[in-house]
$ cat protein-v8.txt   # compact mmCIF, C-alpha atoms and all ligand atoms
# COMPACT_ATOMS: atom_id res chain seq x y z
CA MET F 1000 72.16 109.93 89.51
CA GLY F 1001 73.89 111.99 92.21
CA GLY F 1002 73.31 111.47 95.90
CA ARG F 1003 70.33 112.81 97.80
CA PRO F 1004 71.17 116.08 99.63
CA GLY F 1005 73.37 115.24 102.59
CA GLU F 1006 73.60 111.59 101.61
CA MET F 1007 76.59 109.63 102.89
CA ARG F 1008 77.25 105.94 102.50
CA THR F 1009 80.18 104.21 104.13
CA ALA F 1010 81.77 100.77 104.46
CA SER F 1011 85.10 99.33 105.63
CA ALA F 1012 86.97 96.23 104.57
CA ASP F 1013 90.30 94.62 105.22
CA ALA F 1014 92.48 92.35 103.13
CA ARG F 1015 95.78 90.60 103.71
CA THR F 1016 98.58 90.74 101.21
CA ASN F 1017 99.59 87.57 99.38
CA ILE F 1018 102.85 86.12 98.14
CA ALA F 1019 102.97 84.32 94.80
CA LEU F 1020 104.62 80.90 95.01
CA VAL F 1021 104.18 80.49 91.27
CA LYS F 1022 104.62 83.98 89.86
CA TYR F 1023 102.51 86.08 87.55
CA TRP F 1024 104.69 88.10 85.17
CA GLY F 1025 103.17 89.30 81.89
CA LYS F 1026 99.76 90.37 80.62
CA ARG F 1027 97.67 89.03 77.77
CA ASP F 1028 95.54 92.20 77.66
CA ARG F 1029 96.82 95.38 79.15
CA ALA F 1030 93.55 97.35 79.01
CA LEU F 1031 91.64 94.62 80.87
CA ASN F 1032 94.68 93.83 83.01
CA LEU F 1033 94.49 90.14 82.14
CA PRO F 1034 97.44 87.93 83.09
CA ALA F 1035 99.15 85.89 80.36
CA THR F 1036 99.42 82.91 82.69
CA GLY F 1037 97.98 81.70 85.96
CA SER F 1038 99.69 82.02 89.33
CA LEU F 1039 99.45 80.40 92.75
CA SER F 1040 99.74 82.33 95.99
CA LEU F 1041 99.50 82.22 99.73
CA THR F 1042 97.44 84.84 101.54
CA LEU F 1043 99.35 85.99 104.62
CA SER F 1044 98.09 86.20 108.19
CA SER F 1045 98.92 89.70 109.33
CA LEU F 1046 100.27 92.07 106.64
CA ARG F 1047 97.04 93.88 106.06
CA THR F 1048 95.34 96.88 104.48
CA THR F 1049 92.22 98.33 106.10
CA THR F 1050 90.17 100.70 103.96
CA ARG F 1051 87.12 102.81 104.61
CA VAL F 1052 85.21 104.31 101.71
CA THR F 1053 82.59 107.01 102.22
CA PHE F 1054 80.55 108.25 99.27
CA ASP F 1055 79.56 111.75 100.30
CA GLU F 1056 77.24 113.98 98.35
CA THR F 1057 78.92 117.12 99.74
CA LEU F 1058 82.37 116.31 98.29
CA ASP F 1059 83.35 117.99 95.03
CA ARG F 1060 86.28 115.65 94.39
CA ASP F 1061 87.61 112.31 95.67
CA GLU F 1062 89.82 112.53 98.74
CA MET F 1063 92.32 109.93 99.82
CA ASP F 1064 94.31 109.42 103.01
CA LEU F 1065 96.98 106.77 103.21
CA ASP F 1066 98.35 105.88 106.63
CA GLY F 1067 96.85 109.05 108.11
CA GLN F 1068 98.27 111.44 105.50
CA GLU F 1069 97.12 112.78 102.17
CA ALA F 1070 98.01 110.09 99.63
CA PRO F 1071 100.72 110.85 97.03
CA PRO F 1072 99.17 112.11 93.74
CA ALA F 1073 99.93 108.90 91.80
CA VAL F 1074 98.16 106.76 94.41
CA ALA F 1075 95.21 109.17 94.61
CA GLN F 1076 94.83 109.16 90.81
CA ARG F 1077 94.93 105.38 90.56
CA THR F 1078 92.33 105.17 93.33
CA GLY F 1079 90.13 107.80 91.63
CA ARG F 1080 90.18 105.82 88.36
CA PHE F 1081 89.17 102.72 90.30
CA LEU F 1082 86.30 104.58 92.00
CA ASP F 1083 85.14 105.69 88.53
CA LEU F 1084 84.69 102.00 87.63
CA VAL F 1085 82.56 101.47 90.72
CA ARG F 1086 80.49 104.63 90.08
CA ARG F 1087 79.89 103.59 86.48
CA LYS F 1088 78.85 100.11 87.55
CA VAL F 1089 76.43 101.35 90.19
CA GLY F 1090 75.23 104.44 88.35
CA ILE F 1091 76.18 107.08 90.92
CA THR F 1092 78.23 110.25 90.58
CA MET F 1093 79.03 111.00 94.23
CA HIS F 1094 82.67 111.50 95.15
CA ALA F 1095 84.24 109.50 97.91
CA ARG F 1096 86.61 109.82 100.80
CA VAL F 1097 88.99 106.86 101.04
CA GLU F 1098 90.92 106.23 104.24
CA SER F 1099 93.39 103.41 103.87
CA ALA F 1100 96.05 102.12 106.22
CA ASN F 1101 98.64 99.39 105.98
CA ASN F 1102 99.88 97.76 109.16
CA PHE F 1103 103.30 97.58 107.51
CA PRO F 1104 105.40 100.46 106.16
CA THR F 1105 103.83 101.40 102.80
CA ALA F 1106 107.06 102.77 101.37
CA SER F 1107 109.03 99.66 102.30
CA GLY F 1108 108.41 98.04 98.92
CA LEU F 1109 106.36 95.21 100.43
CA ALA F 1110 103.45 94.38 98.15
CA SER F 1111 100.56 96.66 99.05
CA SER F 1112 98.67 96.78 95.77
CA ALA F 1113 97.19 93.27 96.23
CA SER F 1114 95.76 93.90 99.70
CA GLY F 1115 95.04 97.54 98.81
CA PHE F 1116 92.84 96.85 95.80
CA ALA F 1117 91.15 93.81 97.37
CA ALA F 1118 90.11 95.92 100.38
CA LEU F 1119 89.15 98.88 98.18
CA ALA F 1120 87.02 96.76 95.82
CA LEU F 1121 85.12 95.28 98.74
CA ALA F 1122 84.66 98.52 100.71
CA ALA F 1123 83.82 100.68 97.68
CA THR F 1124 81.16 98.35 96.27
CA ARG F 1125 79.57 97.86 99.68
CA ALA F 1126 79.61 101.60 100.36
CA ALA F 1127 78.05 102.18 96.94
CA GLY F 1128 75.23 99.96 98.05
CA ILE F 1129 75.83 96.79 96.08
CA GLU F 1130 76.83 93.32 97.12
CA MET F 1131 78.64 91.93 94.10
CA ASP F 1132 78.82 88.26 93.26
CA PHE F 1133 82.32 86.85 93.64
CA PRO F 1134 83.30 86.78 89.93
CA SER F 1135 82.29 90.43 89.50
CA LEU F 1136 84.18 91.46 92.63
CA ALA F 1137 87.28 89.55 91.52
CA THR F 1138 87.10 91.16 88.08
CA LEU F 1139 86.83 94.60 89.62
CA ALA F 1140 89.78 93.93 91.97
CA ARG F 1141 91.84 92.70 88.99
CA LEU F 1142 91.31 96.01 87.20
CA GLY F 1143 93.08 97.62 90.17
CA SER F 1144 95.95 95.15 90.38
CA GLY F 1145 96.61 91.73 88.81
CA SER F 1146 97.44 90.11 92.13
CA ALA F 1147 94.52 91.66 94.07
CA PRO F 1148 91.88 88.98 93.28
CA ARG F 1149 94.08 86.43 95.06
CA SER F 1150 93.80 88.46 98.29
CA LEU F 1151 90.01 88.15 98.24
CA LEU F 1152 90.47 84.51 99.28
CA GLY F 1153 92.32 83.00 102.20
CA GLY F 1154 94.99 80.32 102.25
CA PHE F 1155 96.37 78.85 99.03
CA VAL F 1156 94.88 80.45 95.94
CA GLU F 1157 95.22 79.72 92.25
CA MET F 1158 94.57 82.53 89.81
CA ARG F 1159 93.16 81.04 86.61
CA PRO F 1160 94.16 83.14 83.60
CA GLY F 1161 91.10 82.18 81.54
CA ALA F 1162 91.00 82.24 77.76
CA LEU F 1163 87.98 84.41 76.91
CA PRO F 1164 88.82 87.80 75.38
CA ASP F 1165 86.64 89.65 77.91
CA GLY F 1166 88.44 87.98 80.83
CA SER F 1167 85.23 86.73 82.45
CA ASP F 1168 86.88 83.35 83.08
CA CYS F 1169 89.99 84.88 84.69
CA LEU F 1170 89.24 84.15 88.33
CA PRO F 1171 90.90 83.14 91.61
CA VAL F 1172 89.98 79.82 93.18
CA GLN F 1173 90.91 78.56 96.61
CA VAL F 1174 93.14 75.48 96.40
CA ALA F 1175 93.02 75.02 100.18
CA PRO F 1176 91.95 77.23 103.09
CA GLU F 1177 94.41 78.73 105.57
CA THR F 1178 93.63 75.96 108.07
CA HIS F 1179 94.76 73.26 105.62
CA TRP F 1180 98.49 73.58 106.24
CA ASP F 1181 100.48 75.60 108.71
CA ILE F 1182 103.62 76.80 107.01
CA ALA F 1183 105.71 79.90 107.76
CA ILE F 1184 106.75 82.72 105.46
CA LEU F 1185 109.53 84.95 106.75
CA VAL F 1186 109.72 88.36 105.13
CA ALA F 1187 113.25 89.77 105.27
CA VAL F 1188 112.91 93.51 104.78
CA ASN F 1189 116.05 95.15 103.47
CA GLY F 1190 116.19 98.92 103.69
CA ALA F 1191 115.40 99.98 100.14
CA ALA F 1192 112.35 102.24 99.70
CA THR F 1193 109.61 102.26 97.02
CA LYS F 1194 109.90 100.39 93.73
CA GLU F 1195 111.74 102.23 90.96
CA ILE F 1196 109.53 100.80 88.24
CA GLY F 1197 105.87 99.78 88.43
CA SER F 1198 105.02 96.15 87.75
CA THR F 1199 102.83 96.92 84.69
CA THR F 1200 105.64 98.84 82.96
CA ALA F 1201 108.14 96.15 83.92
CA MET F 1202 105.92 93.33 82.64
CA GLU F 1203 105.34 95.10 79.34
CA LEU F 1204 109.05 95.74 78.91
CA THR F 1205 109.67 92.05 79.52
CA ARG F 1206 106.99 90.97 77.05
CA LEU F 1207 108.28 93.28 74.35
CA THR F 1208 112.04 92.82 74.73
CA SER F 1209 113.01 89.67 76.63
CA PRO F 1210 113.96 86.78 74.31
CA TYR F 1211 112.98 84.35 77.06
CA TYR F 1212 109.39 85.56 77.41
CA ARG F 1213 107.72 82.77 75.40
CA GLU F 1214 109.65 80.09 77.24
CA TRP F 1215 108.66 81.68 80.54
CA LEU F 1216 104.98 81.56 79.56
CA ARG F 1217 105.35 77.93 78.52
CA SER F 1218 106.89 76.98 81.86
CA VAL F 1219 104.17 78.37 84.16
CA PRO F 1220 101.23 75.92 83.76
CA GLY F 1221 103.42 72.93 84.70
CA ASP F 1222 104.69 74.80 87.77
CA ILE F 1223 101.13 75.57 88.84
CA GLU F 1224 100.18 71.92 88.52
CA VAL F 1225 103.15 70.84 90.66
CA ALA F 1226 102.44 73.55 93.25
CA ARG F 1227 98.73 72.71 93.46
CA GLN F 1228 99.48 69.02 94.03
CA ALA F 1229 102.17 69.89 96.59
CA VAL F 1230 99.72 72.05 98.54
CA LEU F 1231 97.03 69.37 98.51
CA ALA F 1232 99.54 66.71 99.63
CA ARG F 1233 101.21 69.10 102.13
CA ASP F 1234 104.54 68.26 100.46
CA PHE F 1235 106.86 70.98 101.72
CA SER F 1236 109.90 70.02 99.61
CA ALA F 1237 107.90 69.91 96.38
CA LEU F 1238 106.22 73.27 97.06
CA GLY F 1239 109.48 74.92 98.11
CA GLN F 1240 111.36 73.68 95.06
CA VAL F 1241 108.76 74.81 92.56
CA ALA F 1242 108.33 78.17 94.32
CA GLU F 1243 112.06 78.86 94.29
CA SER F 1244 112.42 77.89 90.66
CA SER F 1245 109.37 79.95 89.60
CA CYS F 1246 110.90 82.96 91.34
CA PHE F 1247 114.26 82.66 89.62
CA ARG F 1248 112.66 82.02 86.24
CA MET F 1249 110.59 85.18 86.66
CA HIS F 1250 113.68 87.18 87.52
CA ALA F 1251 115.61 85.57 84.66
CA VAL F 1252 113.01 86.59 82.08
CA ALA F 1253 112.96 90.10 83.55
CA LEU F 1254 116.78 90.30 83.53
CA GLY F 1255 116.57 89.39 79.84
CA ALA F 1256 114.63 92.59 79.06
CA THR F 1257 116.28 95.64 77.48
CA PRO F 1258 117.10 97.56 79.60
CA PRO F 1259 117.46 94.74 82.15
CA LEU F 1260 115.13 94.64 85.13
CA LEU F 1261 117.13 93.95 88.25
CA PHE F 1262 115.07 94.15 91.45
CA TRP F 1263 117.70 92.85 93.84
CA THR F 1264 120.20 94.60 96.05
CA GLY F 1265 123.39 93.06 97.42
CA VAL F 1266 121.44 92.29 100.60
CA THR F 1267 118.85 90.34 98.56
CA VAL F 1268 121.62 88.04 97.30
CA ASP F 1269 123.17 87.73 100.77
CA VAL F 1270 119.82 86.57 102.22
CA VAL F 1271 119.36 84.02 99.41
CA ARG F 1272 122.85 82.66 100.11
CA LYS F 1273 122.09 82.51 103.83
CA VAL F 1274 118.96 80.45 103.19
CA TRP F 1275 120.89 78.12 100.88
CA GLU F 1276 123.54 77.74 103.59
CA PHE F 1277 120.82 76.69 106.06
CA ARG F 1278 119.61 74.18 103.48
CA ARG F 1279 123.09 72.73 102.97
CA ASN F 1280 123.24 72.30 106.74
CA GLY F 1281 119.98 70.36 106.82
CA LEU F 1282 117.39 73.06 107.58
CA GLU F 1283 115.06 73.01 104.60
CA ALA F 1284 113.78 76.44 103.52
CA TYR F 1285 113.18 78.10 100.16
CA VAL F 1286 113.27 81.68 98.89
CA THR F 1287 110.96 83.72 96.73
CA ILE F 1288 111.37 87.36 95.62
CA ASP F 1289 108.89 89.72 93.96
CA ALA F 1290 109.48 92.93 92.02
CA GLY F 1291 111.51 94.43 94.86
CA PRO F 1292 114.54 93.68 97.04
CA HIS F 1293 112.92 91.76 99.91
CA VAL F 1294 113.37 88.01 100.23
CA LYS F 1295 110.48 85.88 101.46
CA VAL F 1296 111.42 82.53 102.93
CA LEU F 1297 109.16 79.50 102.96
CA ALA F 1298 109.80 77.38 106.05
CA ARG F 1299 108.33 74.79 108.34
CA PRO F 1300 106.88 76.53 111.44
CA GLN F 1301 109.27 74.74 113.81
CA ASP F 1302 112.27 76.16 111.89
CA ALA F 1303 111.02 79.76 111.80
CA GLU F 1304 112.77 80.91 114.97
CA GLU F 1305 116.22 79.62 113.98
CA LEU F 1306 115.88 81.02 110.46
CA LEU F 1307 114.73 84.35 111.83
CA ARG F 1308 117.88 84.66 113.96
CA GLY F 1309 120.13 83.73 111.03
CA ILE F 1310 118.46 86.02 108.51
CA ALA F 1311 118.14 88.98 110.90
CA ALA F 1312 121.93 88.78 111.37
CA VAL F 1313 122.61 89.33 107.64
CA PRO F 1314 124.04 92.89 107.38
CA GLY F 1315 121.50 95.23 105.77
CA VAL F 1316 118.39 93.29 106.84
CA THR F 1317 116.33 95.80 108.81
CA ARG F 1318 113.45 93.64 109.94
CA VAL F 1319 112.17 90.07 109.65
CA LEU F 1320 108.43 89.41 109.85
CA VAL F 1321 107.05 85.91 110.37
CA GLU F 1322 103.78 85.20 108.60
CA ARG F 1323 101.42 82.24 108.39
CA PRO F 1324 98.55 81.38 106.04
CA GLY F 1325 95.77 83.91 106.56
CA PRO F 1326 92.13 84.62 105.70
CA GLY F 1327 90.52 86.34 102.75
CA ALA F 1328 89.22 89.90 102.54
CA ARG F 1329 86.16 90.86 104.55
CA ILE F 1330 83.87 93.70 105.42
CA THR F 1331 84.63 95.16 108.85
CA ASP F 1332 83.00 97.76 111.02
CA GLY F 1333 86.29 99.24 112.12
CA ARG F 1334 87.92 102.47 111.06
CA ALA F 1335 90.90 102.38 108.71
CA GLY F 1336 94.05 101.41 110.59
CA GLN F 1337 92.35 99.81 113.53
O1 LIG F 1401 99.77 92.76 91.04
P1 LIG F 1401 100.90 93.36 90.31
O2 LIG F 1401 100.49 93.92 89.00
O3 LIG F 1401 101.67 94.36 91.14
O4 LIG F 1401 101.95 92.20 89.93
C1 LIG F 1401 102.52 91.32 90.86
C2 LIG F 1401 103.78 90.75 90.33
C3 LIG F 1401 104.59 89.89 91.30
O5 LIG F 1401 104.38 90.30 92.63
C4 LIG F 1401 106.07 90.08 90.99
C5 LIG F 1401 104.27 88.41 91.13
C6 LIG F 1401 102.95 87.96 91.68
O6 LIG F 1401 102.37 87.03 91.10
O7 LIG F 1401 102.50 88.49 92.72
$ encode --input "protein-v8.txt" --output "structure tokens" --more "lines below"
Ligand code: PMV
Amino acid sequence: MGGRPGEMRTASADARTNIALVKYWGKRDRALNLPATGSLSLTLSSLRTTTRVTFDETLDRDEMDLDGQEAPPAVAQRTGRFLDLVRRKVGITMHARVESANNFPTASGLASSASGFAALALAATRAAGIEMDFPSLATLARLGSGSAPRSLLGGFVEMRPGALPDGSDCLPVQVAPETHWDIAILVAVNGAATKEIGSTTAMELTRLTSPYYREWLRSVPGDIEVARQAVLARDFSALGQVAESSCFRMHAVALGATPPLLFWTGVTVDVVRKVWEFRRNGLEAYVTIDAGPHVKVLARPQDAEELLRGIAAVPGVTRVLVERPGPGARITDGRAGQ
């Protein structure tokens, strides 16, 4: 079924990005984009993607704008493949115009695929005229990016890996809403631009070549259990310790790949050392790092200001953002970027 002549259907959604406190690194099924283990994340308060999708019968191909400009071909292709999933599901053939905007620099290497695909899944299905149940929406978002289902929910979120071959039991669940516990996450941006290697390629390289991969997989469920209990008990030290150790284990297994995957710059290491210096001096804060050079620092809200000053003074740090727990994805009436 195509659209009726002149038919246009539109919807907008926004989603915050999330930071994994217990990391996801490795897939059990690449085609279905199923994670090999669970993960546990915090949805942030303000780093956000807003996306408007318009299915338009007059278009002869999909069009995509990112931050007010034509999206790079790789991004446009990935988005087009995702729209194909939605079209197939709904039974339409209309092309779409996608206008997406991040309120943080897209090329900075800050995670945008989680918020991007959460917002796109929500806006595209609504624009296509369907209101999906949560498991179907989460499954769709996961096909875009493994961390995207976590951004559908607010606060502290556990991604359950599931065990079924079709992945229907691989779903995010909210451990606690954003109002449960006010903690701060500082994001120390350090200059470097876009990622050199995509996370799917990097995870597959790790799975196939790192001798530590099996041990890594074995270590994750215990970390999730500790993190979940720490969140429920609002135990900052326990959550910080498990988050920091999950981060370094993820980077250790990736460093063990051939060729080695090193996501850090010198500035990354300098920020880690700065945070550890604060800790030695009695200010308790913990680091986590994803597949890029930026360090995220978990802190108590009352310590955020002092940490911000210390971290911003590390040579090479270009910007420090202070985030809090934030809400899940939602349909909005606004235009992309507003
Ligand atoms: O969502 P992806 O496929 O870009 O993978 C995310 C991987 C990490 O950010 C490094 C860890 C995580 O759990 O978010």
$ axis_aligned_box --input "protein-v8.txt" --around "segment 1249-1261 of chain F" --padding-each-side "3 Å" --output "JSON"
{"center_x": 114.0, "center_y": 91.4, "center_z": 82.9, "size_x": 12.9, "size_y": 18.4, "size_z": 16.8}
$ residues_near_ligand --input "protein-v8.txt" --ligand "ligand LIG 1401 (chain F)" --cutoff "8 Å" --atoms "all atoms listed in the file" --output "PyMOL selection string"
chain F and resi 1017-1024+1038-1040+1110+1112-1113+1144-1147+1197-1199+1249+1288-1291
$ closest_residue --input "protein-v8.txt" --among "F:Leu1261, F:Ala1035, F:Val1252, F:Val1085" --to "Ala1162 of chain F" --atoms "all atoms listed in the file"
F:Ala1035
$ residues_around --input "protein-v8.txt" --residues "Ser1045 of chain F" --least-positions-apart "5" --cutoff "9 Å" --atoms "all atoms listed in the file" --output "ChimeraX atom specification"
/F:1015-1016,1102,1322-1325
$ closest_residue --input "protein-v8.txt" --among "F:Glu1214, F:Glu1157, F:Asp1181, F:Asp1028" --to "Ala1226 of chain F" --atoms "all atoms listed in the file"
F:Glu1157
$ atom_distance --input "protein-v8.txt" --atom1 "atom CA of Ala1010 of chain F" --atom2 "atom CA of Pro1072 of chain F"
23.4 Å
$ atom_distance --input "protein-v8.txt" --atom1 "atom CA of Thr1267 of chain F" --atom2 "atom CA of Ile1196 of chain F"
17.4 Å
$ atom_distance --input "protein-v8.txt" --atom1 "atom CA of Ala1070 of chain F" --atom2 "atom CA of Val1097 of chain F"
9.7 Å
$ closest_residue --input "protein-v8.txt" --among "F:Ile1184, F:Leu1207, F:Ala1012, F:Val1225" --to "Tyr1285 of chain F" --atoms "only C-alpha atoms"
F:Ile1184
$ closest_residue --input "protein-v8.txt" --among "F:Leu1238, F:Thr1208, F:Trp1263, F:Asn1189" --to "Gly1315 of chain F" --atoms "all atoms listed in the file"
F:Asn1189
$ residues_around --input "protein-v8.txt" --residues "Leu1216 of chain F" --least-positions-apart "3" --cutoff "12 Å" --atoms "all atoms listed in the file" --output "ChimeraX atom specification"
/F:1021-1027,1034-1038,1160,1205-1206,1209-1213,1219-1223,1245,1248-1249,1252
$ residues_around --input "protein-v8.txt" --residues "segment 1305-1307 of chain F" --least-positions-apart "2" --cutoff "9 Å" --atoms "all atoms listed in the file" --output "CSV table (one decimal) with C-alpha atoms, in the coordinates of the input"
chain,number,residue,atom,x,y,z
F,1185,LEU,CA,109.5,85.0,106.8
F,1187,ALA,CA,113.2,89.8,105.3
F,1274,VAL,CA,119.0,80.4,103.2
F,1277,PHE,CA,120.8,76.7,106.1
F,1282,LEU,CA,117.4,73.1,107.6
F,1284,ALA,CA,113.8,76.4,103.5
F,1296,VAL,CA,111.4,82.5,102.9
F,1298,ALA,CA,109.8,77.4,106.0
F,1301,GLN,CA,109.3,74.7,113.8
F,1302,ASP,CA,112.3,76.2,111.9
F,1303,ALA,CA,111.0,79.8,111.8
F,1309,GLY,CA,120.1,83.7,111.0
F,1310,ILE,CA,118.5,86.0,108.5
F,1311,ALA,CA,118.1,89.0,110.9
F,1312,ALA,CA,121.9,88.8,111.4
F,1319,VAL,CA,112.2,90.1,109.6
F,1320,LEU,CA,108.4,89.4,109.8
F,1321,VAL,CA,107.0,85.9,110.4
$ closest_residue --input "protein-v8.txt" --among "F:Val1294, F:Val1268, F:Ala1251, F:Leu1142" --to "Ala1030 of chain F" --atoms "all atoms listed in the file"
F:Leu1142
$ residues_around --input "protein-v8.txt" --residues "Asp1165 of chain F" --least-positions-apart "4" --cutoff "10 Å" --atoms "only C-alpha atoms" --output "list in words"
Asp1028, Leu1031, Leu1033, Gly1161 and Cys1169 of chain F
$ closest_residue --input "protein-v8.txt" --among "F:Asp1168, F:Gly1115, F:His1250, F:Leu1204" --to "Pro1134 of chain F" --atoms "only C-alpha atoms"
F:Asp1168
$ residues_around --input "protein-v8.txt" --residues "Pro1148 of chain F" --least-positions-apart "6" --cutoff "8 Å" --atoms "only C-alpha atoms" --output "ChimeraX atom specification"
/F:1113,1117,1137-1138,1140-1141,1158,1170-1171
